[in-house]
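See below for the structure under consideration.
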Amino acid sequence: QKEVEQNSGPLSVPEGAIASLNCTYSDRGSQSFFWYRQYSGKSPELIMFIYSNGDKEDGRFTAQLNKASQYVSLLIRDSQPSDSATYLCAVGADRGSTLGRLYFGRGTQLTVWP
Amino acid sequence: SQTIHQWPATLVQPVGSPLSLECTVEGTSNPNLYWYRQAAGRGLQLLFYSVGIGQISSEVPQNLSASRPQDRQFILSSKKLLLSDSGFYLCAWSVQGLLSNEQFFGPGTRLTVL
């Protein structure tokens, strides 16, 4: 069974701060990693993906991957109240018959207060 | 651009009644298709996925079934609903191919079984 673990939170940060969301995974062979944002009552929306070790930046978002430690994180700089949502970490099953499916963590609820 | 539709948006059904949820994708061909359920306070549970017409893989035993009668149509069904079937049902699609695991979700169907 492939496990994806996230801090359950809730995580609360003030507006303008950096929010740090963390995720660990059990399958050392995983090659693709995703962050989704889910507003209350809505469906998940893909915001970042990363395949290589290191950092990947997109606007205020930075995804960080460390395959040796089986750890992926999402940093949100200059957090805004509109960033308040649940963030889901997902790991791709890149081997064998499960190719194409994702394993999701339970999500971390983020609140950014003004 | 690609668009994914789900209907109905909300549904209230009595225990023991049948269910049919529909998902269609526009703007792409031969996608992978997925059905997920998200119960209150729980993570995303993969129910079924399909790599082509008539090809369905089931992740967990349950009273639900799925069908893919057309390339871009995915249907989730049940003959008799249980109370435990309540939840937020999400359809997703992805492009077939190695490391093409980004999944894009539809707006979802919120099902309440009474």
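If you're wondering about the labels, chains in the structure tokens are A, B, ... by order shown, residues count from 1 in each chain, ligands from 1 in order shown.
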
For this session: May I have the residues of chain A within 7 Å of chain B, counting only C-alpha atoms, written as a list in words?
Result: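 Result: Ser32, Lys42, Ser43, Pro44, Glu45, Leu46, Gly92, Asp94, Gly100, Arg101, Phe104, Gly105 and Arg106 of chain A.
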
Exercise. Got a sec: who's within 9 Å of B:Arg68, counting only C-alpha atoms, leaving out chain neighbours fewer than 5 positions off, as a list in words?
Worked result: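 Those residues are Leu33, Ser50, Gly52, Ile53, Gly54, Gln55, Ile56, Gln73, Phe74 and Ile75 of chain B.
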
Exercise. Hey, what's within 7 Å of stretch 79-84 of chain A if we count only C-alpha atoms and toss same-chain stuff fewer than 5 positions away? As a VMD selection string, please?
Worked result: chain A and resid 15 to 19 110 to 114

Exercise. Hey, what does DSSP flag as helix (DSSP H, G or I) within chain A? Can you give it to me as a list in words?
Worked result: Pro81, Ser82, Asp83, Gly96, Ser97 and Thr98 of chain A

Exercise. If you measure from atom CA of A:Gln6 to atom CA of A:Gly41, what distance in Å do you get, rounded to one decimal?
Worked result: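 We find that atom CA of A:Gln6 and atom CA of A:Gly41 lie 20.3 Å from each other.
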